[in-house]
Every structure is written in structure tokens, then in C-alpha cells.
$ cat query.cif   # mmCIF, C-alpha atoms and all ligand atoms
data_query
loop_
_atom_site.label_atom_id
_atom_site.label_comp_id
_atom_site.auth_asym_id
_atom_site.auth_seq_id
_atom_site.Cartn_x
_atom_site.Cartn_y
_atom_site.Cartn_z
CA MET A 686 -24.65 22.36 -2.91
CA ASN A 687 -23.70 20.75 0.38
CA ASN A 688 -20.54 19.78 2.18
CA LEU A 689 -20.92 16.05 1.76
CA ARG A 690 -17.75 14.31 0.60
CA ILE A 691 -17.58 10.68 -0.42
CA ASP A 692 -14.32 8.84 -0.95
CA PRO A 693 -14.65 6.83 -4.18
CA ARG A 694 -11.63 4.65 -3.53
CA GLU A 695 -12.97 2.24 -0.96
CA ALA A 696 -15.62 0.83 -3.29
CA ILE A 697 -13.06 -0.45 -5.76
CA ILE A 698 -10.34 -1.85 -3.48
CA LYS A 699 -12.02 -5.23 -2.93
CA ASP A 700 -12.59 -5.56 -6.69
CA ARG A 701 -8.90 -5.06 -7.30
CA MET A 702 -8.15 -8.04 -5.05
CA ILE A 703 -10.76 -10.29 -6.61
CA ALA A 704 -8.29 -12.52 -8.46
CA VAL A 705 -5.93 -12.76 -5.48
CA LYS A 706 -6.49 -16.17 -3.93
CA ASN A 707 -4.62 -15.86 -0.64
CA ILE A 708 -3.53 -12.78 1.25
CA TRP A 709 -0.97 -13.21 4.03
CA LEU A 710 0.02 -10.33 6.30
CA VAL A 711 3.45 -10.75 7.82
CA SER A 712 2.97 -9.11 11.13
CA GLY A 713 4.67 -9.02 14.49
CA PHE A 714 4.29 -6.74 17.34
CA LYS A 715 7.80 -5.53 17.78
CA GLY A 716 10.27 -3.86 15.45
CA GLY A 717 13.34 -5.56 14.05
CA ILE A 718 12.24 -9.17 14.51
CA GLY A 719 12.52 -10.26 10.89
CA LYS A 720 9.11 -9.48 9.37
CA SER A 721 10.61 -8.00 6.23
CA LEU A 722 13.19 -10.75 5.76
CA ILE A 723 10.49 -13.37 6.18
CA SER A 724 8.12 -11.56 3.78
CA VAL A 725 10.77 -11.48 1.08
CA ALA A 726 11.95 -15.07 1.68
CA VAL A 727 8.40 -16.43 1.61
CA ALA A 728 7.61 -14.51 -1.60
CA LEU A 729 10.82 -15.79 -3.24
CA GLY A 730 10.08 -19.34 -2.10
CA LEU A 731 6.56 -19.30 -3.48
CA ALA A 732 7.76 -17.86 -6.80
CA ASP A 733 10.39 -20.61 -7.02
CA LYS A 734 7.64 -23.17 -6.69
CA GLY A 735 5.90 -21.65 -9.68
CA ARG A 736 3.23 -19.82 -7.73
CA LYS A 737 1.99 -16.43 -8.89
CA VAL A 738 3.14 -14.11 -6.13
CA GLY A 739 2.75 -10.48 -5.21
CA LEU A 740 4.78 -8.71 -2.53
CA LEU A 741 3.46 -5.48 -1.04
CA ASP A 742 5.62 -3.47 1.33
CA LEU A 743 3.15 -1.63 3.53
CA ASP A 744 5.74 -0.38 5.97
CA ILE A 745 5.33 3.03 4.38
CA THR A 746 7.60 5.14 6.51
CA SER A 747 10.46 2.64 6.53
CA SER A 748 10.19 0.37 3.51
CA THR A 749 13.00 -2.18 3.33
CA ASP A 750 11.89 -4.99 1.00
CA HIS A 751 13.54 -3.34 -2.00
CA ILE A 752 16.85 -3.26 -0.08
CA ILE A 753 16.60 -6.93 0.90
CA LEU A 754 15.84 -7.85 -2.72
CA GLY A 755 18.44 -5.50 -4.15
CA ALA A 756 15.71 -4.08 -6.37
CA ASP A 757 16.92 -0.66 -7.44
CA ASN A 758 15.06 1.76 -9.65
CA LEU A 759 11.86 -0.19 -10.09
CA TYR A 760 8.77 1.74 -11.12
CA PRO A 761 5.22 0.62 -11.91
CA ARG A 762 3.87 0.76 -15.44
CA GLU A 763 0.67 2.64 -16.22
CA ASP A 764 -2.12 0.80 -17.98
CA MET A 765 -5.65 1.42 -16.73
CA GLY A 766 -4.05 1.60 -13.31
CA LEU A 767 -0.61 0.83 -11.93
CA LEU A 768 1.00 -2.49 -12.80
CA PRO A 769 3.53 -3.64 -10.19
CA PRO A 770 6.98 -4.22 -11.68
CA GLU A 771 8.21 -7.81 -11.72
CA PHE A 772 11.39 -8.72 -9.88
CA GLU A 773 12.58 -12.32 -9.53
CA LYS A 774 9.12 -13.45 -10.78
CA ILE A 775 7.44 -11.49 -7.98
CA LYS A 776 4.99 -8.66 -8.64
CA PHE A 777 6.42 -6.13 -6.26
CA MET A 778 4.85 -2.91 -4.99
CA SER A 779 6.34 -0.46 -2.53
CA PHE A 780 5.82 3.17 -1.56
CA GLN A 781 9.54 3.54 -1.94
CA PHE A 782 9.06 3.61 -5.74
CA PHE A 783 7.41 6.99 -5.20
CA SER A 784 9.15 8.40 -2.14
CA LYS A 785 12.68 7.42 -3.30
CA SER A 786 15.13 7.97 -0.48
CA TYR A 787 13.24 10.82 1.18
CA PRO A 788 11.80 10.36 4.66
CA LEU A 789 8.02 10.40 4.92
CA GLY A 790 6.79 12.30 7.96
CA PHE A 791 3.40 10.61 8.01
CA ARG A 792 0.72 10.80 10.65
CA GLY A 793 -2.30 8.47 10.76
CA ASN A 794 -4.49 10.17 8.21
CA SER A 795 -1.77 10.39 5.58
CA ILE A 796 -0.95 6.72 6.08
CA SER A 797 -4.57 5.71 5.51
CA ASN A 798 -4.87 7.93 2.46
CA ALA A 799 -1.67 6.68 0.89
CA ILE A 800 -2.63 3.04 1.44
CA LYS A 801 -6.11 3.54 0.01
CA GLU A 802 -4.71 5.38 -2.99
CA LEU A 803 -2.21 2.64 -3.76
CA LEU A 804 -4.72 -0.19 -3.32
CA CYS A 805 -7.28 1.67 -5.44
CA VAL A 806 -5.00 1.94 -8.47
CA THR A 807 -2.78 -1.16 -8.24
CA VAL A 808 -3.75 -3.86 -10.71
CA TRP A 809 -2.40 -7.15 -9.36
CA GLY A 810 -4.21 -9.41 -11.78
CA GLU A 811 -4.30 -13.09 -10.94
CA LEU A 812 -2.22 -14.11 -7.93
CA ASP A 813 -2.01 -17.29 -5.90
CA PHE A 814 -0.49 -15.39 -3.00
CA LEU A 815 -0.12 -11.77 -1.97
CA ILE A 816 2.42 -11.36 0.82
CA ILE A 817 2.14 -8.10 2.74
CA ASP A 818 5.01 -6.84 4.86
CA MET A 819 3.51 -4.88 7.74
CA PRO A 820 4.95 -2.21 10.01
CA PRO A 821 5.52 -3.31 13.62
CA GLY A 822 2.71 -3.38 16.13
CA PHE A 823 -1.00 -3.03 15.90
CA SER A 824 -0.80 0.17 13.86
CA ASP A 825 -2.89 2.47 11.72
CA THR A 826 -1.88 0.32 8.78
CA THR A 827 -3.20 -2.81 10.49
CA MET A 828 -6.52 -1.11 11.12
CA ASP A 829 -6.74 -0.01 7.50
CA VAL A 830 -6.01 -3.46 6.17
CA ILE A 831 -8.66 -5.01 8.42
CA LYS A 832 -11.15 -2.47 7.14
CA LEU A 833 -10.28 -2.66 3.46
CA PHE A 834 -9.71 -6.39 2.89
CA ASP A 835 -12.34 -9.08 2.97
CA LYS A 836 -10.22 -12.04 3.79
CA PHE A 837 -6.64 -12.53 4.85
CA SER A 838 -4.48 -14.65 7.13
CA VAL A 839 -1.60 -13.63 9.34
CA ILE A 840 1.94 -14.88 9.77
CA ALA A 841 2.60 -13.77 13.34
CA VAL A 842 6.33 -13.39 13.87
CA SER A 843 7.97 -13.45 17.26
CA THR A 844 11.44 -14.17 18.63
CA PRO A 845 12.55 -16.23 21.64
CA SER A 846 12.47 -13.03 23.71
CA PRO A 847 9.77 -13.21 26.42
CA LEU A 848 8.82 -9.61 25.60
CA SER A 849 8.17 -10.47 21.99
CA LYS A 850 6.08 -13.52 23.02
CA LYS A 851 4.02 -11.66 25.59
CA ILE A 852 3.10 -8.76 23.36
CA LEU A 853 2.30 -11.17 20.54
CA GLU A 854 -0.10 -13.11 22.76
CA ASN A 855 -2.00 -9.94 23.61
CA SER A 856 -2.22 -8.72 20.07
CA VAL A 857 -3.31 -11.90 18.34
CA LYS A 858 -6.43 -11.97 20.48
CA VAL A 859 -7.81 -9.32 18.14
CA TYR A 860 -7.30 -11.55 15.11
CA LYS A 861 -8.67 -14.60 16.91
CA ASP A 862 -11.85 -12.72 17.78
CA MET A 863 -12.22 -11.90 14.10
CA LYS A 864 -11.68 -15.56 13.14
CA ILE A 865 -8.62 -14.67 11.10
CA GLY A 866 -6.22 -17.57 10.53
CA ILE A 867 -2.85 -17.22 12.23
CA LEU A 868 0.39 -19.03 11.56
CA PHE A 869 2.87 -18.50 14.39
CA VAL A 870 6.50 -18.30 13.35
CA GLU A 871 9.39 -18.02 15.75
CA ASN A 872 12.36 -16.23 14.23
CA MET A 873 15.96 -16.20 15.46
CA ALA A 874 15.34 -19.53 17.17
CA GLN A 875 18.30 -21.22 18.84
CA LYS A 876 17.58 -24.63 17.35
CA ALA A 877 15.44 -26.08 14.59
CA LYS A 878 11.80 -26.58 15.56
CA ILE A 879 8.52 -26.68 13.75
CA ASN A 880 7.50 -23.27 12.34
CA SER A 881 10.73 -21.65 13.31
CA ILE A 882 13.60 -19.95 11.55
CA ARG A 883 16.98 -20.29 13.18
CA PHE A 884 19.31 -17.40 13.98
CA ASP A 885 21.59 -17.12 10.97
CA PRO A 886 24.66 -14.89 11.42
CA LYS A 887 25.25 -14.95 7.66
CA ILE A 888 21.96 -13.39 6.64
CA ASP A 889 23.09 -9.76 6.80
CA LYS A 890 25.90 -10.43 4.30
CA ALA A 891 23.34 -11.77 1.82
CA LEU A 892 21.04 -8.74 1.89
CA GLY A 893 20.55 -7.13 -1.51
CA ASP A 894 21.47 -10.27 -3.43
CA VAL A 895 18.74 -12.81 -4.08
CA LYS A 896 21.17 -15.53 -5.16
CA LYS A 897 23.05 -15.26 -1.87
CA ILE A 898 19.84 -15.13 0.15
CA LYS A 899 18.72 -18.39 -1.44
CA ARG A 900 21.89 -20.09 -0.24
CA THR A 901 21.40 -19.16 3.43
CA GLN A 902 20.14 -21.33 6.24
CA PHE A 903 17.61 -18.56 6.88
CA TYR A 904 16.07 -19.13 3.45
CA LYS A 905 16.03 -22.90 3.85
CA ASP A 906 14.19 -22.55 7.13
CA ALA A 907 11.79 -20.05 5.57
CA LEU A 908 10.92 -22.64 2.92
CA LYS A 909 9.24 -24.67 5.66
CA ILE A 910 6.89 -21.73 6.15
CA VAL A 911 6.34 -21.64 2.40
CA SER A 912 5.25 -25.30 2.37
CA LYS A 913 2.98 -24.61 5.28
CA ILE A 914 1.14 -21.73 3.67
CA GLU A 915 0.94 -23.53 0.34
CA GLY A 916 -1.01 -26.15 2.20
CA GLY A 917 -3.41 -23.56 3.58
CA GLY A 918 -1.27 -22.65 6.53
CA VAL A 919 -2.84 -22.33 9.82
CA MET B 679 -3.33 5.47 -17.75
CA HIS B 680 -4.07 5.42 -14.07
CA GLU B 681 -6.88 7.97 -14.58
CA TRP B 682 -8.93 4.95 -15.70
CA ALA B 683 -8.59 3.29 -12.33
CA LEU B 684 -9.81 6.46 -10.64
CA ALA B 685 -12.73 6.83 -13.07
CA GLU B 686 -13.69 3.22 -12.33
CA SER B 687 -13.78 3.92 -8.60
CA VAL B 688 -15.90 7.05 -9.16
CA ILE B 689 -18.43 5.22 -11.33
CA LYS B 690 -18.70 2.25 -9.02
CA THR B 691 -19.28 4.52 -6.02
CA VAL B 692 -21.87 6.67 -7.79
CA ASN B 693 -23.76 3.59 -8.98
CA GLU B 694 -23.70 1.95 -5.55
CA LYS B 695 -24.52 4.80 -3.18
CA LYS B 696 -28.13 5.83 -2.93
CA GLU B 697 -27.10 9.42 -2.09
CA PHE B 698 -26.35 9.98 -5.77
CA VAL B 699 -29.67 8.82 -7.21
CA GLY B 700 -31.12 11.54 -9.44
CA LYS B 701 -28.33 13.99 -8.57
CA LYS B 702 -25.70 15.79 -10.55
CA VAL B 703 -22.40 14.44 -9.27
CA ILE B 704 -19.51 16.76 -8.44
CA VAL B 705 -16.08 15.21 -8.91
CA TYR B 706 -13.64 17.24 -6.83
CA MET B 707 -10.12 16.96 -8.14
CA GLY B 708 -7.24 17.88 -5.90
CA GLU B 709 -4.53 20.00 -7.42
CA LEU B 710 -1.88 17.63 -6.07
CA GLN B 711 -3.03 14.65 -8.07
CA ALA B 712 -2.90 16.69 -11.31
CA ILE B 713 -5.28 14.39 -13.15
CA ASP B 714 -5.21 14.47 -16.94
CA MET B 715 -8.70 15.82 -17.41
CA GLU B 716 -9.19 14.67 -20.99
CA VAL B 717 -8.17 11.10 -20.17
CA PHE B 718 -10.37 11.09 -17.08
CA LYS B 719 -13.44 12.38 -18.96
CA PHE B 720 -12.85 9.90 -21.76
CA ALA B 721 -12.56 7.05 -19.25
CA MET B 722 -15.76 8.17 -17.52
CA GLU B 723 -17.58 8.11 -20.87
CA GLU B 724 -16.22 4.74 -21.96
CA ILE B 725 -16.92 2.97 -18.67
CA SER B 726 -20.42 4.50 -18.51
CA LYS B 727 -21.08 3.20 -22.03
CA GLN B 728 -19.99 -0.31 -21.04
CA ASN B 729 -22.31 -0.13 -18.03
CA LYS B 730 -25.10 1.32 -20.19
CA LYS B 731 -25.62 3.92 -17.47
CA LYS B 732 -24.85 7.56 -18.05
CA ILE B 733 -23.58 9.65 -15.17
CA ASP B 734 -24.29 13.35 -15.04
CA PHE B 735 -21.21 14.95 -13.52
CA LYS B 736 -19.09 18.05 -13.39
CA ILE B 737 -15.50 18.53 -12.32
CA VAL B 738 -14.35 21.04 -9.74
CA ILE B 739 -10.63 21.61 -9.27
CA GLU B 740 -9.48 22.18 -5.71
CA GLU B 741 -6.38 24.11 -4.82
CA SER B 742 -4.06 22.44 -2.33
CA LYS B 743 -3.85 23.67 1.23
CA PHE B 744 -1.37 22.54 3.86
CA LYS B 745 -0.97 23.37 7.52
CA CYS B 746 2.33 22.99 9.31
CA ASN B 747 2.09 21.00 12.55
CA SER B 748 5.26 22.59 13.87
CA CYS B 749 4.79 26.34 13.36
CA GLY B 750 1.14 26.54 12.30
CA LYS B 751 1.73 28.14 8.90
CA ASP B 752 -0.92 27.67 6.21
CA PHE B 753 0.53 27.26 2.74
CA SER B 754 -0.18 25.87 -0.71
CA MET B 755 1.71 24.27 -3.57
CA SER B 756 2.14 27.67 -5.23
CA GLU B 757 4.29 28.82 -2.30
CA VAL B 758 6.84 26.02 -2.41
CA LYS B 759 9.77 25.51 -4.74
CA LYS B 760 8.83 24.08 -8.14
CA LYS B 761 8.98 20.31 -8.26
CA SER B 762 10.73 18.24 -10.92
CA GLU B 763 8.72 16.20 -13.43
CA GLU B 764 9.65 13.02 -11.62
CA GLU B 765 8.52 14.36 -8.27
CA LYS B 766 5.27 15.58 -9.83
CA GLU B 767 4.67 12.13 -11.28
CA ASN B 768 5.14 10.47 -7.89
CA ILE B 769 2.71 12.94 -6.30
CA HIS B 770 0.31 12.32 -9.18
CA PHE B 771 0.15 8.61 -8.28
CA ILE B 772 0.15 9.02 -4.48
CA PRO B 773 -0.64 12.62 -3.45
CA GLU B 774 0.75 11.99 0.06
CA MET B 775 4.19 11.72 -1.56
CA VAL B 776 4.14 15.51 -1.47
CA LYS B 777 5.44 14.93 2.04
CA ALA B 778 8.63 13.47 0.62
CA PHE B 779 9.34 16.46 -1.58
CA VAL B 780 7.87 19.50 0.19
CA LYS B 781 8.79 21.24 3.44
CA CYS B 782 7.04 24.01 5.33
CA PRO B 783 8.20 27.24 3.64
CA LYS B 784 8.52 28.97 7.01
CA CYS B 785 10.17 26.48 9.37
CA LYS B 786 11.27 23.69 6.93
CA SER B 787 9.38 21.02 8.88
CA ILE B 788 8.19 17.91 7.05
CA ASP B 789 5.41 17.54 9.61
CA PHE B 790 2.45 19.21 7.91
CA GLU B 791 -1.14 18.20 7.18
CA ILE B 792 -2.71 18.08 3.76
CA ILE B 793 -5.91 19.97 4.52
CA LYS B 794 -7.35 20.16 1.03
CA GLY B 795 -6.75 19.37 -2.60
CA ARG B 796 -5.13 15.92 -2.41
CA GLY B 797 -7.05 13.66 -4.76
CA VAL B 798 -10.47 12.70 -6.04
CA SER B 799 -13.57 12.96 -3.87
CA LEU B 800 -17.26 13.11 -4.63
CA GLY B 801 -20.24 15.25 -3.77
CA TYR B 802 -23.45 16.28 -5.48
CA GLU B 803 -25.40 19.44 -6.25
N1 LIG C 1 16.91 -15.46 11.61
C1 LIG C 1 17.73 -14.41 11.72
N2 LIG C 1 19.06 -14.59 11.96
C2 LIG C 1 19.91 -13.56 12.11
N3 LIG C 1 19.54 -12.28 12.02
C3 LIG C 1 18.25 -12.01 11.77
C4 LIG C 1 17.28 -13.05 11.61
N4 LIG C 1 16.08 -12.47 11.37
C5 LIG C 1 16.29 -11.13 11.37
N5 LIG C 1 17.58 -10.86 11.62
C6 LIG C 1 18.22 -9.52 11.75
O1 LIG C 1 17.27 -8.56 12.08
C7 LIG C 1 17.33 -7.48 11.16
C8 LIG C 1 15.95 -6.89 10.98
O2 LIG C 1 15.15 -7.76 10.22
P1 LIG C 1 13.88 -7.21 9.48
O3 LIG C 1 14.15 -5.89 8.88
O4 LIG C 1 13.36 -8.29 8.61
O5 LIG C 1 12.90 -6.99 10.74
P2 LIG C 1 11.47 -6.28 10.75
O6 LIG C 1 10.68 -6.99 11.78
O7 LIG C 1 10.93 -6.20 9.39
O8 LIG C 1 11.86 -4.84 11.26
P3 LIG C 1 10.92 -3.51 11.24
O9 LIG C 1 10.03 -3.66 12.43
O10 LIG C 1 11.90 -2.40 11.39
O11 LIG C 1 10.20 -3.51 9.96
C9 LIG C 1 17.97 -8.06 9.92
O12 LIG C 1 18.67 -7.13 9.18
C10 LIG C 1 18.90 -9.09 10.50
O13 LIG C 1 20.09 -8.46 10.86
MG MG C 2 10.27 -4.48 8.27
ZN ZN C 3 6.30 25.26 9.74
#

$ encode --input "query.cif" --output "C-alpha cells"
Amino acid sequence: MNNLRIDPREAIIKDRMIAVKNIWLVSGFKGGIGKSLISVAVALGLADKGRKVGLLDLDITSSTDHIILGADNLYPREDMGLLPPEFEKIKFMSFQFFSKSYPLGFRGNSISNAIKELLCVTVWGELDFLIIDMPPGFSDTTMDVIKLFDKFSVIAVSTPSPLSKKILENSVKVYKDMKIGILFVENMAQKAKINSIRFDPKIDKALGDVKKIKRTQFYKDALKIVSKIEGGGV
Amino acid sequence: MHEWALAESVIKTVNEKKEFVGKKVIVYMGELQAIDMEVFKFAMEEISKQNKKKIDFKIVIEESKFKCNSCGKDFSMSEVKKKSEEEKENIHFIPEMVKAFVKCPKCKSIDFEIIKGRGVSLGYE
């Protein structure tokens, strides 16, 4: 006997992603800048174009994708692992399925463990795109994803605020050093530009209703991002 | 059954890591995850058969242990209010979800560490 402990989960996580062709993290280095809205819109847009799409809400302590989608009471099915439920032709996975409406007082180690556990048992099957909604900042979750995934690209979201731009510049250096592809998206832009989504005062009224979301200017702008990442992105 | 996914990860790890060569493997199972032992053993057997490589293992169940970050109290699952089937199922899939449904029995804080007994880990004799 000895005290050695080996975590069996890490060995299998890459295998579980083997049939996932493109992984895109939707990341941004401040809170409340539209990462979740963009994640959901991009996933919906890809699904509309007939792509096989997964959406993973990795903002464990404050998941919101289910609220944006209006996806109540979803739960994965068990079959040699956990199969993500389908919603609007998207394979959707969120910690909220398990935590319900209770707050999760997580510190770093619990976050890593929960992410590893979910990735170890989730069976995505074949996907053209897996869109991952990330918590703000360069967080524990970011570090875990870098460690656990072989290959991914990043949609780096910012807003016209100089603070948002500055902190983004600093943080993307890490990805650049790792040769990770980055697509810069400016959200809440004042006018239409390339790779930008305009400020849309109607978006909040559409939350929770996919049909309404698809009629917004926000969604139409997000479709430009969809075309971009369909073409390889960066 | 999600026990299969866990068995797969155990077998892959044992077959890949040189530490396990020629050893009897110990599969530690955390109380929180409440694995269905029969399903797990069956999955281990089936996957080993497919791989044509038998794994010599035994299972050791580990009781849960928590420590409150607020007041310092050590406690275990047996000291907290019984959980509903649904809550148990959620903890079964993601043991950390215990943090959604359990509070420190002394000070009611949700800020506690899971010290022991969360999920599956491996060792050898
Ligand atoms: N283009 C936009 N036009 C108008 N409002 C927007 C736009 N983008 C985002 N918002 C507003 O910002 C809010 C927060 O968006 P969202 O939750 O997607 O941000 P987030 O970056 O995911 O936040 P968090 O860091 O908390 O995860 C939305 O509810 C909406 O009110
Ligand atoms: Mg968000
Ligand atoms: Zn306490």
C-alpha cells in the first residue's frame, strides 16, 4: 500500500472530443459583455445552417445559457455516459442541469473537479462545432480547458469600452504565444463594422424565446460571426 | 449507464500508466458518487474483454469528509440532512454538486472543501 492517487478522468477526456471537429471558446476578459448571448446566437446560427452543434456552458457558478434559450427542465440521458439533451437542434450541456437554482460556492479545486467530471462522462458524438461559453477573465476554468483540450480556437469578445479593449489585449497574448487562433469580436458596437455586433436595445426582451432572438438585429449581426467561423474563422 | 464512462477512464489510465504494470489496482470510490458497483464491475469486465487485457483490481469505498472554510468544522455526509433522490442523482453525476445541496451543519456556510470521498481515483497495492 502507498498513498499514490491517480485521477483516471484526464486520460479519457481527449477521446471524448475525438469526433468534435472544431472547438470555439467564447471568451472575454470582463463580465457582462455579451459572451453568453454570443455563444447562444452562434450555436443557433450554426444549427440553422445544418451544422452539428454542441453548446457547453462552462460558466459553472453563474450559468445563463439555459435562460437565454428558455430551456427549462432539461436533463441528460444516461447511456454509457451522459448524452447532452437536444434543444433547437443543439446538443446542450450545462452544470445548471445538476445544480438547479442553487448557488454553487465553488473555489478553484471544485471547479476543476466538476469540469473534469463532466468532460469525462459527456458523450458528444460527432459534432462540426462545439461552442463553449466561458466565465469572464483568465480564470481557473480557462486554465483547465487549456490543459484538457488538444486544439481549440477563441472568439475574443470585447466592447467599445477602452477598459475592455485594454484588458483583452493583455490577455490574448497568452493565446497568441500558444498559437491558438483568435477571432476578435466587438459587441455593443455603435455602428456596423466587420466582426462586430451592434448594440441592440431589443435583445433583453427576446431572452428566453429562441423565435424572438432570431428576429433581432443582434442575431443578424451574430450570423456574420457564424459565417466567419464556418470558413475557419481567424 | 454512466458507470461505463468511468470504467472506460479507469481502464485507459491503467493500461497507459507504467506505474500499474504488474500491480493490483485499487479503485477508490467516493461515497458521494454512489457508483452502482454491479454495473461498474460488469463494465470493467466487458471493456477488459474487448481489449483482451484483464485488469486485476479491487474496490475500496471511501467515506466523504468535508471541512468548512468558514468555521473549520469537519463533517461527513452522514451528519447532514438526508438528500432527495433527485439531489442524490445530481451528486452521483457531478460529486461537486453536493455544494448546491449541503451546508455546514454548524454554521450553515456553503463554503466548504470536499476533503475526501468525492469520486473515482486509482492507486495500487
Ligand atoms: N449587442 C448588445 N446589445 C444590447 N445589449 C447587450 C448586447 N450584448 C449584451 N447585452 C446586454 O448585456 C447583458 C449581459 O450579456 P451576457 O450575459 O451575454 O454577458 P456575459 O459576458 O456572458 O456576462 P458574464 O460575464 O456575466 O457571463 C445582456 O443581458 C444584455 O442586456
Ligand atoms: Mg455569461
Ligand atoms: Zn461552518

$ closest_atom_pairs --input "query.cif" --of "chain A" --to "ligand LIG 1 (chain C)" --cutoff "7 Å" --atoms "all atoms listed in the file" --output "tab-separated table"
residue	atom	partner	partner_atom	distance
A:Gly713	CA	C:LIG1	O6	6.9
A:Lys715	CA	C:LIG1	O9	6.1
A:Gly716	CA	C:LIG1	O9	3.0
A:Gly717	CA	C:LIG1	O8	3.2
A:Ile718	CA	C:LIG1	O6	3.8
A:Gly719	CA	C:LIG1	O4	3.1
A:Lys720	CA	C:LIG1	O7	3.8
A:Ser721	CA	C:LIG1	O4	3.6
A:Leu722	CA	C:LIG1	O4	3.8
A:Ile723	CA	C:LIG1	O4	6.3
A:Asp744	CA	C:LIG1	O11	6.8
A:Thr749	CA	C:LIG1	O3	6.8
A:Pro820	CA	C:LIG1	O11	5.4
A:Pro821	CA	C:LIG1	O9	4.7
A:Asn872	CA	C:LIG1	N1	5.3
A:Met873	CA	C:LIG1	N1	4.0
A:Ile882	CA	C:LIG1	N1	5.6
A:Arg883	CA	C:LIG1	N1	5.1
A:Phe884	CA	C:LIG1	N2	3.5
A:Asp885	CA	C:LIG1	N2	3.7
A:Pro886	CA	C:LIG1	C2	5.0
A:Ile888	CA	C:LIG1	C2	5.8
A:Asp889	CA	C:LIG1	O13	5.2
A:Phe903	CA	C:LIG1	N1	5.7

$ interface_residues --input "query.cif" --of "chain A" --to "chain B" --cutoff "8 Å" --atoms "all atoms listed in the file" --output "ChimeraX atom specification"
/A:686-697,763-767,783-784,787-791,795,798-799,802-803,805-806

$ closest_residue --input "query.cif" --among "B:Cys782, B:Ile713, B:Ile733, B:Ile739" --to "Phe753 (chain B)" --atoms "all atoms listed in the file"
B:Cys782

$ residues_near_ligand --input "query.cif" --ligand "ligand ZN 3 (chain C)" --cutoff "7 Å" --atoms "all atoms listed in the file" --output "PyMOL selection string"
chain B and resi 746-751+782-787

$ atom_distance --input "query.cif" --atom1 "CA of Phe837 (chain A)" --atom2 "CA of Leu710 (chain A)"
7.2 Å

$ atom_distance --input "query.cif" --atom1 "CA of Ile879 (chain A)" --atom2 "CA of Lys909 (chain A)"
8.4 Å
